[in-house]
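structure-v2.cif follows; it contains mmCIF, C-alpha atoms and all ligand atoms.
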```
data_work
#
loop_
_atom_site.label_atom_id
_atom_site.label_comp_id
_atom_site.auth_asym_id
_atom_site.auth_seq_id
_atom_site.Cartn_x
_atom_site.Cartn_y
_atom_site.Cartn_z
CA MET W 816 -2.93 18.28 6.75
CA ASN W 817 -0.53 20.92 5.54
CA LEU W 818 3.06 21.21 6.66
CA ILE W 819 2.51 24.14 9.06
CA LYS W 820 -0.31 22.33 10.81
CA PHE W 821 1.81 19.20 11.08
CA ILE W 822 4.74 21.10 12.60
CA ASN W 823 2.47 22.88 15.08
CA GLN W 824 0.79 19.67 16.12
CA PHE W 825 3.97 17.59 16.38
CA PRO W 826 6.81 19.94 17.27
CA ASP W 827 8.97 17.37 19.07
CA GLU W 828 9.50 13.71 19.91
CA THR W 829 7.27 13.87 23.01
CA ALA W 830 4.32 15.20 21.02
CA CYS W 831 4.78 12.38 18.49
CA LYS W 832 5.01 9.74 21.21
CA LEU W 833 1.91 11.08 22.94
CA LYS W 834 0.01 10.97 19.66
CA PHE W 835 1.02 7.36 19.09
CA LYS W 836 0.11 6.48 22.67
CA ALA W 837 -3.33 8.04 22.19
CA VAL W 838 -3.83 5.88 19.09
CA ARG W 839 -2.73 2.73 20.92
CA ASP W 840 -4.98 3.51 23.89
CA GLN W 841 -7.90 3.96 21.56
CA GLU W 842 -7.21 0.72 19.66
CA GLY W 843 -6.45 -1.27 22.83
CA VAL W 844 -3.17 -2.84 23.88
CA VAL W 845 -3.16 -6.64 23.96
CA CYS W 846 -0.76 -8.44 26.31
CA ARG W 847 1.46 -10.73 24.24
CA HIS W 848 1.74 -13.14 27.19
CA CYS W 849 -1.82 -13.59 28.46
CA GLY W 850 -3.93 -11.74 25.90
CA SER W 851 -5.42 -9.38 28.48
CA THR W 852 -6.34 -5.87 27.36
CA ASP W 853 -6.16 -4.34 30.84
CA HIS W 854 -3.01 -2.33 31.37
CA TYR W 855 -1.51 0.29 33.63
CA TRP W 856 0.54 3.04 32.04
CA LEU W 857 3.97 3.46 33.63
CA SER W 858 4.61 7.06 32.70
CA THR W 859 8.21 7.26 33.94
CA ILE W 860 9.41 4.51 31.60
CA TRP W 861 6.80 4.96 28.83
CA GLN W 862 5.56 1.38 29.02
CA TYR W 863 2.30 -0.47 29.55
CA GLN W 864 2.06 -3.12 32.25
CA CYS W 865 -0.47 -5.93 32.08
CA LYS W 866 -2.77 -5.83 35.12
CA ARG W 867 -3.04 -9.60 35.11
CA CYS W 868 0.45 -10.99 34.47
CA LYS W 869 2.57 -7.86 34.96
CA ILE W 870 4.32 -8.26 31.60
CA ARG W 871 5.44 -4.93 30.18
CA THR W 872 4.82 -3.70 26.66
CA THR W 873 6.72 -0.83 25.13
CA LEU W 874 4.98 1.79 23.04
CA ARG W 875 6.40 0.24 19.85
CA SER W 876 5.96 -3.42 20.78
CA GLY W 877 3.41 -5.28 18.65
CA THR W 878 3.19 -2.44 16.13
CA VAL W 879 4.78 -1.67 12.79
CA MET W 880 7.40 0.33 14.70
CA GLN W 881 8.60 -2.63 16.72
CA ALA W 882 12.34 -3.21 16.28
CA SER W 883 12.77 0.18 14.62
CA LYS W 884 15.38 2.45 16.10
CA LEU W 885 14.09 5.51 14.31
CA SER W 886 12.35 8.19 16.34
CA PHE W 887 8.57 8.53 16.43
CA LYS W 888 9.08 11.89 14.82
CA TYR W 889 10.63 10.27 11.74
CA TRP W 890 7.75 7.82 11.56
CA LEU W 891 5.15 10.56 11.79
CA ILE W 892 6.95 12.69 9.23
CA ALA W 893 7.06 9.72 6.85
CA ILE W 894 3.35 9.03 7.39
CA HIS W 895 2.58 12.69 6.81
CA LEU W 896 4.59 12.86 3.61
CA LEU W 897 3.17 9.64 2.21
CA THR W 898 -0.42 10.61 2.94
CA SER W 899 -0.39 14.32 2.19
CA THR W 900 0.30 13.94 -1.51
CA LYS W 901 -1.22 11.91 -4.30
CA LYS W 902 2.29 11.32 -5.49
CA THR W 903 4.88 9.47 -3.52
CA PHE W 904 8.19 10.08 -1.86
CA SER W 905 11.42 8.21 -2.39
CA ALA W 906 13.43 7.00 0.62
CA LEU W 907 16.41 8.91 -0.72
CA GLU W 908 14.44 12.15 -0.77
CA LEU W 909 13.11 11.56 2.75
CA GLN W 910 16.62 10.77 4.00
CA ARG W 911 17.78 14.06 2.52
CA GLN W 912 14.90 16.06 3.96
CA ILE W 913 15.30 14.81 7.53
CA GLY W 914 19.07 14.71 7.32
CA HIS W 915 19.49 11.13 8.48
CA LYS W 916 22.91 9.58 8.08
CA TYR W 917 21.84 6.21 6.67
CA TYR W 918 19.62 5.31 3.77
CA GLU W 919 18.70 1.75 4.76
CA PRO W 920 16.61 2.34 7.91
CA ILE W 921 14.65 5.05 6.09
CA TRP W 922 14.00 2.69 3.19
CA TYR W 923 12.80 -0.06 5.58
CA MET W 924 10.52 2.38 7.38
CA MET W 925 8.87 3.42 4.12
CA GLN W 926 8.57 -0.18 2.99
CA LYS W 927 6.82 -1.10 6.24
CA LEU W 928 4.40 1.78 5.77
CA ARG W 929 3.66 0.59 2.23
CA LYS W 930 3.10 -2.94 3.51
CA THR W 931 0.75 -1.61 6.17
CA MET W 932 -1.26 0.06 3.41
CA GLY W 933 -1.36 -3.23 1.50
CA VAL W 934 -2.55 -5.16 4.56
CA ARG W 935 -5.36 -2.66 5.14
CA ASP W 936 -6.62 -2.85 1.56
CA SER W 937 -6.39 -6.65 1.52
CA LEU W 938 -9.19 -6.68 4.13
CA TYR W 939 -11.69 -5.53 1.50
CA GLN W 940 -13.02 -7.11 -1.69
CA LEU W 941 -14.11 -5.23 -4.77
CA ASP W 942 -17.78 -5.43 -5.77
CA LYS W 943 -20.48 -3.99 -8.10
CA ILE W 944 -19.16 -3.73 -11.67
CA VAL W 945 -15.48 -4.65 -11.74
CA GLU W 946 -13.26 -3.91 -14.72
CA LEU W 947 -10.32 -6.28 -14.96
CA ASP W 948 -7.28 -6.10 -17.18
CA GLU W 949 -3.56 -6.65 -17.00
CA GLY W 950 -0.94 -3.92 -16.91
CA PHE W 951 2.75 -4.17 -17.69
CA PHE W 952 5.13 -2.04 -15.67
CA GLU W 953 8.84 -1.54 -16.18
CA SER W 954 10.82 -2.95 -13.27
CA VAL W 955 14.27 -4.24 -12.44
CA ASN W 956 14.99 -7.82 -11.58
CA THR W 957 17.44 -7.42 -8.72
CA GLU W 958 17.21 -11.07 -7.83
CA LYS W 959 18.92 -12.18 -10.97
CA SER W 960 22.29 -13.68 -10.18
CA GLY W 961 25.32 -14.87 -12.03
CA GLU W 962 27.38 -13.29 -14.72
CA ASP W 963 24.51 -11.80 -16.68
CA TYR W 964 23.59 -9.72 -13.69
CA LEU W 965 27.15 -8.61 -13.00
CA GLU W 966 27.56 -7.72 -16.63
CA GLU W 967 24.37 -5.69 -16.61
CA ARG W 968 25.36 -3.99 -13.38
CA LYS W 969 28.68 -3.03 -14.86
CA ARG W 970 26.75 -1.30 -17.57
CA GLY W 971 24.86 0.55 -14.88
CA ARG W 972 21.53 -1.16 -15.10
CA GLY W 973 19.73 -4.15 -13.62
CA SER W 974 17.87 -6.58 -15.72
CA GLN W 975 14.89 -4.62 -16.95
CA LYS W 976 11.71 -6.44 -17.46
CA GLN W 977 8.00 -6.04 -17.45
CA THR W 978 6.20 -6.77 -14.23
CA LYS W 979 2.73 -8.17 -14.81
CA VAL W 980 0.01 -6.65 -12.68
CA MET W 981 -3.65 -7.59 -12.55
CA VAL W 982 -5.57 -4.35 -12.24
CA MET W 983 -9.17 -4.28 -11.07
CA ALA W 984 -11.43 -1.25 -10.74
CA SER W 985 -14.78 -1.31 -8.98
CA THR W 986 -17.33 0.98 -10.64
CA ILE W 987 -21.06 1.69 -10.63
CA HIS W 988 -23.31 3.01 -13.35
CA SER W 989 -23.28 6.76 -13.39
CA VAL W 990 -26.65 8.25 -12.43
CA THR W 991 -26.08 11.35 -14.51
CA LYS W 992 -26.03 11.14 -18.29
CA PRO W 993 -22.43 10.92 -19.45
CA GLY W 994 -21.07 13.87 -21.42
CA LYS W 995 -19.24 13.44 -24.70
CA HIS W 996 -15.89 12.57 -23.16
CA LYS W 997 -17.11 11.28 -19.83
CA LYS W 998 -17.02 7.65 -18.87
CA PRO W 999 -20.40 5.93 -18.49
CA THR W 1000 -19.49 4.55 -15.07
CA LYS W 1001 -18.36 6.11 -11.81
CA PHE W 1002 -15.10 4.91 -10.31
CA ARG W 1003 -15.07 3.55 -6.75
CA TYR W 1004 -12.03 1.47 -5.75
CA VAL W 1005 -8.93 -0.05 -7.29
CA LYS W 1006 -6.73 -3.04 -6.57
CA MET W 1007 -3.47 -4.08 -8.21
CA ILE W 1008 -1.94 -7.50 -7.72
CA VAL W 1009 1.51 -8.40 -9.04
CA VAL W 1010 1.47 -11.85 -10.66
CA ASN W 1011 4.14 -14.14 -12.08
CA ASN W 1012 2.05 -15.08 -15.09
CA LEU W 1013 -1.36 -14.51 -16.61
CA LYS W 1014 -2.50 -18.13 -16.77
CA GLY W 1015 -6.15 -18.90 -16.16
CA SER W 1016 -5.40 -20.51 -12.80
CA THR W 1017 -3.54 -17.41 -11.59
CA VAL W 1018 -6.31 -15.10 -12.76
CA ASN W 1019 -8.93 -17.22 -10.98
CA GLN W 1020 -6.95 -17.35 -7.79
CA VAL W 1021 -6.51 -13.58 -7.66
CA ALA W 1022 -10.13 -12.93 -8.64
CA LYS W 1023 -11.43 -15.26 -5.92
CA LYS W 1024 -9.50 -13.41 -3.26
CA THR W 1025 -10.02 -9.89 -4.56
CA ILE W 1026 -13.50 -9.74 -6.10
CA ASN W 1027 -16.76 -10.37 -4.30
CA ALA W 1028 -18.67 -13.33 -5.76
CA ASP W 1029 -21.77 -11.15 -6.34
CA SER W 1030 -19.96 -8.85 -8.76
CA ILE W 1031 -20.21 -8.29 -12.48
CA VAL W 1032 -16.75 -8.55 -14.01
CA VAL W 1033 -15.91 -6.98 -17.35
CA THR W 1034 -12.81 -8.04 -19.31
CA ASP W 1035 -11.61 -8.35 -22.88
CA ASN W 1036 -11.73 -11.80 -24.44
CA TYR W 1037 -8.23 -12.93 -23.45
CA PRO W 1038 -8.49 -16.74 -22.99
CA SER W 1039 -7.19 -16.66 -19.39
CA TYR W 1040 -10.40 -14.92 -18.34
CA ASN W 1041 -12.58 -17.76 -19.67
CA ASP W 1042 -13.25 -19.36 -16.30
CA LEU W 1043 -14.12 -16.18 -14.43
CA SER W 1044 -17.84 -16.91 -14.77
CA LYS W 1045 -17.36 -19.68 -12.21
CA GLN W 1046 -16.04 -17.17 -9.67
CA VAL W 1047 -18.44 -14.28 -9.99
CA TRP W 1048 -22.11 -13.55 -10.61
CA VAL W 1049 -21.67 -12.38 -14.20
CA HIS W 1050 -18.60 -12.34 -16.42
CA GLU W 1051 -18.80 -10.13 -19.48
CA ALA W 1052 -15.96 -10.88 -21.89
CA GLN W 1053 -16.06 -8.25 -24.62
CA ASN W 1054 -14.76 -9.04 -28.03
CA VAL W 1055 -12.48 -6.05 -28.56
CA SER W 1056 -8.89 -5.34 -29.40
CA GLY W 1057 -6.28 -2.60 -29.15
CA ALA W 1058 -7.54 0.91 -28.59
CA GLN W 1059 -11.11 -0.33 -28.26
CA THR W 1060 -10.32 -1.87 -24.84
CA ASN W 1061 -10.08 1.69 -23.52
CA LYS W 1062 -13.79 2.02 -24.13
CA ILE W 1063 -14.91 -1.09 -22.29
CA LEU W 1064 -12.30 -0.86 -19.52
CA PRO W 1065 -11.86 2.90 -19.14
CA TRP W 1066 -11.12 3.05 -15.40
CA VAL W 1067 -8.61 0.24 -15.34
CA HIS W 1068 -6.66 1.99 -18.06
CA THR W 1069 -6.84 5.35 -16.31
CA MET W 1070 -5.49 3.68 -13.15
CA ILE W 1071 -2.66 1.94 -15.01
CA SER W 1072 -1.54 5.15 -16.66
CA ASN W 1073 -1.80 7.17 -13.41
CA ALA W 1074 0.18 4.54 -11.49
CA LYS W 1075 2.88 4.52 -14.15
CA LYS W 1076 3.16 8.30 -14.10
CA ILE W 1077 3.41 8.48 -10.31
CA LEU W 1078 5.62 5.46 -9.65
CA LEU W 1079 8.06 5.79 -12.48
CA GLY W 1080 8.13 9.57 -12.19
CA ILE W 1081 9.42 9.40 -8.63
CA HIS W 1082 11.26 6.10 -8.39
CA HIS W 1083 12.38 5.68 -12.01
CA MET W 1084 13.06 1.98 -11.53
CA ILE W 1085 11.45 -0.29 -8.97
CA SER W 1086 12.67 -3.75 -8.12
CA ARG W 1087 10.34 -6.54 -9.17
CA LYS W 1088 10.64 -7.97 -5.67
CA TYR W 1089 9.05 -4.92 -4.06
CA PHE W 1090 6.70 -3.88 -6.83
CA GLN W 1091 3.60 -4.99 -4.93
CA ASP W 1092 4.40 -2.56 -2.10
CA TYR W 1093 4.58 0.40 -4.46
CA VAL W 1094 1.28 -0.37 -6.15
CA ASP W 1095 -0.24 -0.98 -2.72
CA GLU W 1096 0.67 2.57 -1.76
CA PHE W 1097 -0.84 3.89 -4.98
CA CYS W 1098 -4.11 1.96 -4.48
CA TYR W 1099 -4.37 2.81 -0.77
CA LYS W 1100 -4.26 6.50 -1.54
CA VAL W 1101 -6.63 6.34 -4.50
CA ASN W 1102 -9.12 4.36 -2.43
CA ARG W 1103 -9.01 6.99 0.30
CA ARG W 1104 -9.00 10.02 -1.96
CA TYR W 1105 -12.00 11.56 -0.16
CA PHE W 1106 -10.58 11.10 3.34
CA GLY W 1107 -8.81 14.47 3.39
CA GLU W 1108 -6.75 14.95 6.54
CA LYS W 1109 -8.18 11.80 8.12
CA ILE W 1110 -5.94 9.61 6.02
CA PHE W 1111 -3.00 10.50 8.31
CA ASP W 1112 -4.82 9.19 11.38
CA ARG W 1113 -6.07 6.14 9.52
CA LEU W 1114 -2.58 5.10 8.54
CA LEU W 1115 -1.33 5.76 12.06
CA VAL W 1116 -4.08 3.51 13.45
CA ALA W 1117 -3.12 0.83 10.93
CA CYS W 1118 0.50 1.14 12.08
CA ALA W 1119 -0.55 0.59 15.70
CA LYS W 1120 -2.68 -2.43 14.76
CA HIS W 1121 -0.40 -4.38 12.50
CA ASN W 1122 2.51 -6.20 13.97
CA TYR W 1123 5.75 -5.74 12.16
CA LYS W 1124 6.11 -9.53 12.15
CA GLU W 1125 3.51 -9.63 9.40
CA PHE W 1126 6.15 -7.97 7.24
CA ILE W 1127 9.16 -9.97 8.24
CA ASN W 1128 9.84 -10.61 4.57
CA VAL W 1129 10.62 -6.92 4.12
CA SER W 1130 14.24 -7.59 4.92
ZN ZN F 1 -0.66 -10.26 30.50
#
```
Can you dump the structure from the file as structure tokens?
Amino acid sequence: MNLIKFINQFPDETACKLKFKAVRDQEGVVCRHCGSTDHYWLSTIWQYQCKRCKIRTTLRSGTVMQASKLSFKYWLIAIHLLTSTKKTFSALELQRQIGHKYYEPIWYMMQKLRKTMGVRDSLYQLDKIVELDEGFFESVNTEKSGEDYLEERKRGRGSQKQTKVMVMASTIHSVTKPGKHKKPTKFRYVKMIVVNNLKGSTVNQVAKKTINADSIVVTDNYPSYNDLSKQVWVHEAQNVSGAQTNKILPWVHTMISNAKKILLGIHHMISRKYFQDYVDEFCYKVNRRYFGEKIFDRLLVACAKHNYKEFINVS
């Protein structure tokens, strides 16, 4: 959706509220007290009322927007901006664009949207031929305490370190003959999981959750991947090094370099603590690259479905 279309469709707060109500009606409102899905709509106070136990539910209650004081218009603008570009948007930039006084609530809103994207993608596993490799991203360790941290802050920087990310790309064999510079496989979906270490046990744990057991997994011969054959149908560990890995894991490396360009280009430095949310946003958008305008509605539906309590650790 382009900007003009967005403005025409959602000119004011009422239009935004009506849109969100339509999404909630379509997805079904569940009474938090008795679990009933039968509700009246009390139009004068913009609330649902359970037909069985009479408990009222606000339009935001039970959704990502619960407890947020920001207008629906802000939420829809944020969803539009995050979904209408392959790139991303910093909270600071959004705050500037909408002219909001405070940075924090805008940052939390965007974080909740990123978490919603992560929750949606976590519902799916990768399958077919899965390339797996690790990526190292620059990040800041804001959790570091003590004098080292204060010293580093005085010098205007946090503690910079590499965040380890397991990157997995689902591919299939290309039906057309690959050209000279084309990759032999066709890319399907990507997942990125931030990990504390790259031990075999960590790799297995992530793979079990993220990759379907019927998949073929391709990696280099890093020892931590040794046990993957127990998790998946076939594990192909290729004996390669350095630049050669690009050939056997082409899509994973394309994804790592694209993510670095987009994330570090916009945010410059991302805290290690929130790194997963930023890669979740990247993956969500890559995985829905053919959705076109529909991606806006999909994210809005996800916002209506997922309770903000799932993200309580945002704050
Ligand atoms: Zn009820």
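Of note, atom CA of Tyr1099 of chain W and atom CA of Asn1122 of chain W are spaced 18.6 Å apart.
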Atom CA of Lys943 of chain W to atom CA of Val1032 of chain W measures 8.3 Å
(Q) Let me see if you get this right: every residue at most 8 Å from ligand ZN 1 (chain F), counting only C-alpha atoms and all ligand atoms, written as a PyMOL selection string. (A) chain W and resi 845-852+864-870
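Our summary of the geometry notes that atom CA of Gln910 of chain W is positioned 28.1 Å from atom CA of Ser1072 of chain W.
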Among W:Lys836, W:Gln926, W:Gly1080, W:Asp1035, Ala1058 of chain W is approached most closely, using only C-alpha atoms, by W:Asp1035
Among W:Thr1034, W:Ser905, W:Ser858, W:Thr898, Val1018 of chain W is approached most closely, using all atoms listed in the file, by W:Thr1034
Could you list as a count of residues only every residue that has an atom within 9 Å of (15.3, 0.6, 13.5), using the file's coordinates and counting all atoms listed in the file? 11
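Using only C-alpha atoms for every distance, the candidate list W:Leu928, W:Ala893, W:Met983, W:Val844 yields W:Met983 as the residue closest to Val1009 of chain W.
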Emit segment 882-905 of chain W of the structure in the block as a file comprising N, CA, C and O atoms, as an mmCIF file, in the first residue's frame.
```
data_model
loop_
_atom_site.group_PDB
_atom_site.id
_atom_site.type_symbol
_atom_site.label_atom_id
_atom_site.label_comp_id
_atom_site.auth_asym_id
_atom_site.auth_seq_id
_atom_site.Cartn_x
_atom_site.Cartn_y
_atom_site.Cartn_z
ATOM 1 N N ALA W 882 -2.898 -2.015 27.057
ATOM 2 C CA ALA W 882 -2.020 -1.229 27.930
ATOM 3 C C ALA W 882 -1.275 -0.119 27.200
ATOM 4 O O ALA W 882 -0.534 0.633 27.817
ATOM 5 N N SER W 883 -1.475 -0.002 25.901
ATOM 6 C CA SER W 883 -0.818 1.097 25.180
ATOM 7 C C SER W 883 -1.727 2.322 25.211
ATOM 8 O O SER W 883 -2.939 2.209 25.045
ATOM 9 N N LYS W 884 -1.101 3.465 25.436
ATOM 10 C CA LYS W 884 -1.888 4.698 25.455
ATOM 11 C C LYS W 884 -1.838 5.413 24.105
ATOM 12 O O LYS W 884 -2.465 6.444 23.900
ATOM 13 N N LEU W 885 -1.079 4.862 23.200
ATOM 14 C CA LEU W 885 -0.959 5.494 21.884
ATOM 15 C C LEU W 885 -2.232 5.262 21.069
ATOM 16 O O LEU W 885 -2.899 4.246 21.219
ATOM 17 N N SER W 886 -2.511 6.214 20.193
ATOM 18 C CA SER W 886 -3.739 6.120 19.389
ATOM 19 C C SER W 886 -3.644 4.959 18.403
ATOM 20 O O SER W 886 -2.553 4.497 18.063
ATOM 21 N N PHE W 887 -4.816 4.519 17.930
ATOM 22 C CA PHE W 887 -4.847 3.483 16.891
ATOM 23 C C PHE W 887 -4.169 3.995 15.627
ATOM 24 O O PHE W 887 -3.569 3.240 14.886
ATOM 25 N N LYS W 888 -4.287 5.275 15.424
ATOM 26 C CA LYS W 888 -3.669 5.858 14.234
ATOM 27 C C LYS W 888 -2.147 5.658 14.255
ATOM 28 O O LYS W 888 -1.549 5.277 13.253
ATOM 29 N N TYR W 889 -1.541 5.895 15.399
ATOM 30 C CA TYR W 889 -0.095 5.661 15.527
ATOM 31 C C TYR W 889 0.246 4.201 15.232
ATOM 32 O O TYR W 889 1.220 3.901 14.549
ATOM 33 N N TRP W 890 -0.568 3.313 15.794
ATOM 34 C CA TRP W 890 -0.304 1.884 15.588
ATOM 35 C C TRP W 890 -0.387 1.528 14.102
ATOM 36 O O TRP W 890 0.462 0.825 13.568
ATOM 37 N N LEU W 891 -1.434 2.030 13.459
ATOM 38 C CA LEU W 891 -1.593 1.696 12.038
ATOM 39 C C LEU W 891 -0.501 2.326 11.173
ATOM 40 O O LEU W 891 -0.032 1.705 10.217
ATOM 41 N N ILE W 892 -0.102 3.525 11.552
ATOM 42 C CA ILE W 892 1.000 4.158 10.812
ATOM 43 C C ILE W 892 2.271 3.317 10.971
ATOM 44 O O ILE W 892 2.983 3.042 10.003
ATOM 45 N N ALA W 893 2.538 2.886 12.184
ATOM 46 C CA ALA W 893 3.738 2.075 12.439
ATOM 47 C C ALA W 893 3.677 0.771 11.650
ATOM 48 O O ALA W 893 4.669 0.358 11.036
ATOM 49 N N ILE W 894 2.510 0.140 11.639
ATOM 50 C CA ILE W 894 2.362 -1.121 10.896
ATOM 51 C C ILE W 894 2.567 -0.855 9.403
ATOM 52 O O ILE W 894 3.240 -1.610 8.709
ATOM 53 N N HIS W 895 2.009 0.240 8.941
ATOM 54 C CA HIS W 895 2.180 0.589 7.521
ATOM 55 C C HIS W 895 3.659 0.796 7.182
ATOM 56 O O HIS W 895 4.167 0.247 6.212
ATOM 57 N N LEU W 896 4.332 1.578 8.015
ATOM 58 C CA LEU W 896 5.736 1.877 7.712
ATOM 59 C C LEU W 896 6.614 0.633 7.783
ATOM 60 O O LEU W 896 7.523 0.456 6.977
ATOM 61 N N LEU W 897 6.340 -0.222 8.757
ATOM 62 C CA LEU W 897 7.169 -1.424 8.895
ATOM 63 C C LEU W 897 6.917 -2.423 7.779
ATOM 64 O O LEU W 897 7.795 -3.198 7.426
ATOM 65 N N THR W 898 5.707 -2.419 7.228
ATOM 66 C CA THR W 898 5.403 -3.438 6.222
ATOM 67 C C THR W 898 5.514 -2.929 4.784
ATOM 68 O O THR W 898 5.507 -3.726 3.856
ATOM 69 N N SER W 899 5.603 -1.617 4.604
ATOM 70 C CA SER W 899 5.593 -1.111 3.235
ATOM 71 C C SER W 899 6.991 -0.991 2.638
ATOM 72 O O SER W 899 7.153 -0.621 1.483
ATOM 73 N N THR W 900 8.001 -1.295 3.433
ATOM 74 C CA THR W 900 9.363 -1.226 2.914
ATOM 75 C C THR W 900 10.151 -2.462 3.324
ATOM 76 O O THR W 900 9.924 -3.028 4.380
ATOM 77 N N LYS W 901 11.055 -2.855 2.436
ATOM 78 C CA LYS W 901 11.928 -3.983 2.755
ATOM 79 C C LYS W 901 12.859 -3.596 3.889
ATOM 80 O O LYS W 901 13.331 -4.416 4.636
ATOM 81 N N LYS W 902 13.147 -2.321 3.951
ATOM 82 C CA LYS W 902 14.051 -1.830 4.976
ATOM 83 C C LYS W 902 13.292 -1.725 6.292
ATOM 84 O O LYS W 902 12.241 -2.287 6.444
ATOM 85 N N THR W 903 13.820 -0.967 7.195
ATOM 86 C CA THR W 903 13.113 -0.844 8.461
ATOM 87 C C THR W 903 13.057 0.620 8.852
ATOM 88 O O THR W 903 13.448 1.487 8.070
ATOM 89 N N PHE W 904 12.536 0.875 10.020
ATOM 90 C CA PHE W 904 12.296 2.235 10.444
ATOM 91 C C PHE W 904 12.731 2.331 11.895
ATOM 92 O O PHE W 904 12.356 1.503 12.706
ATOM 93 N N SER W 905 13.511 3.328 12.234
ATOM 94 C CA SER W 905 13.903 3.422 13.640
ATOM 95 C C SER W 905 12.801 4.133 14.421
ATOM 96 O O SER W 905 12.033 4.917 13.862
#
```
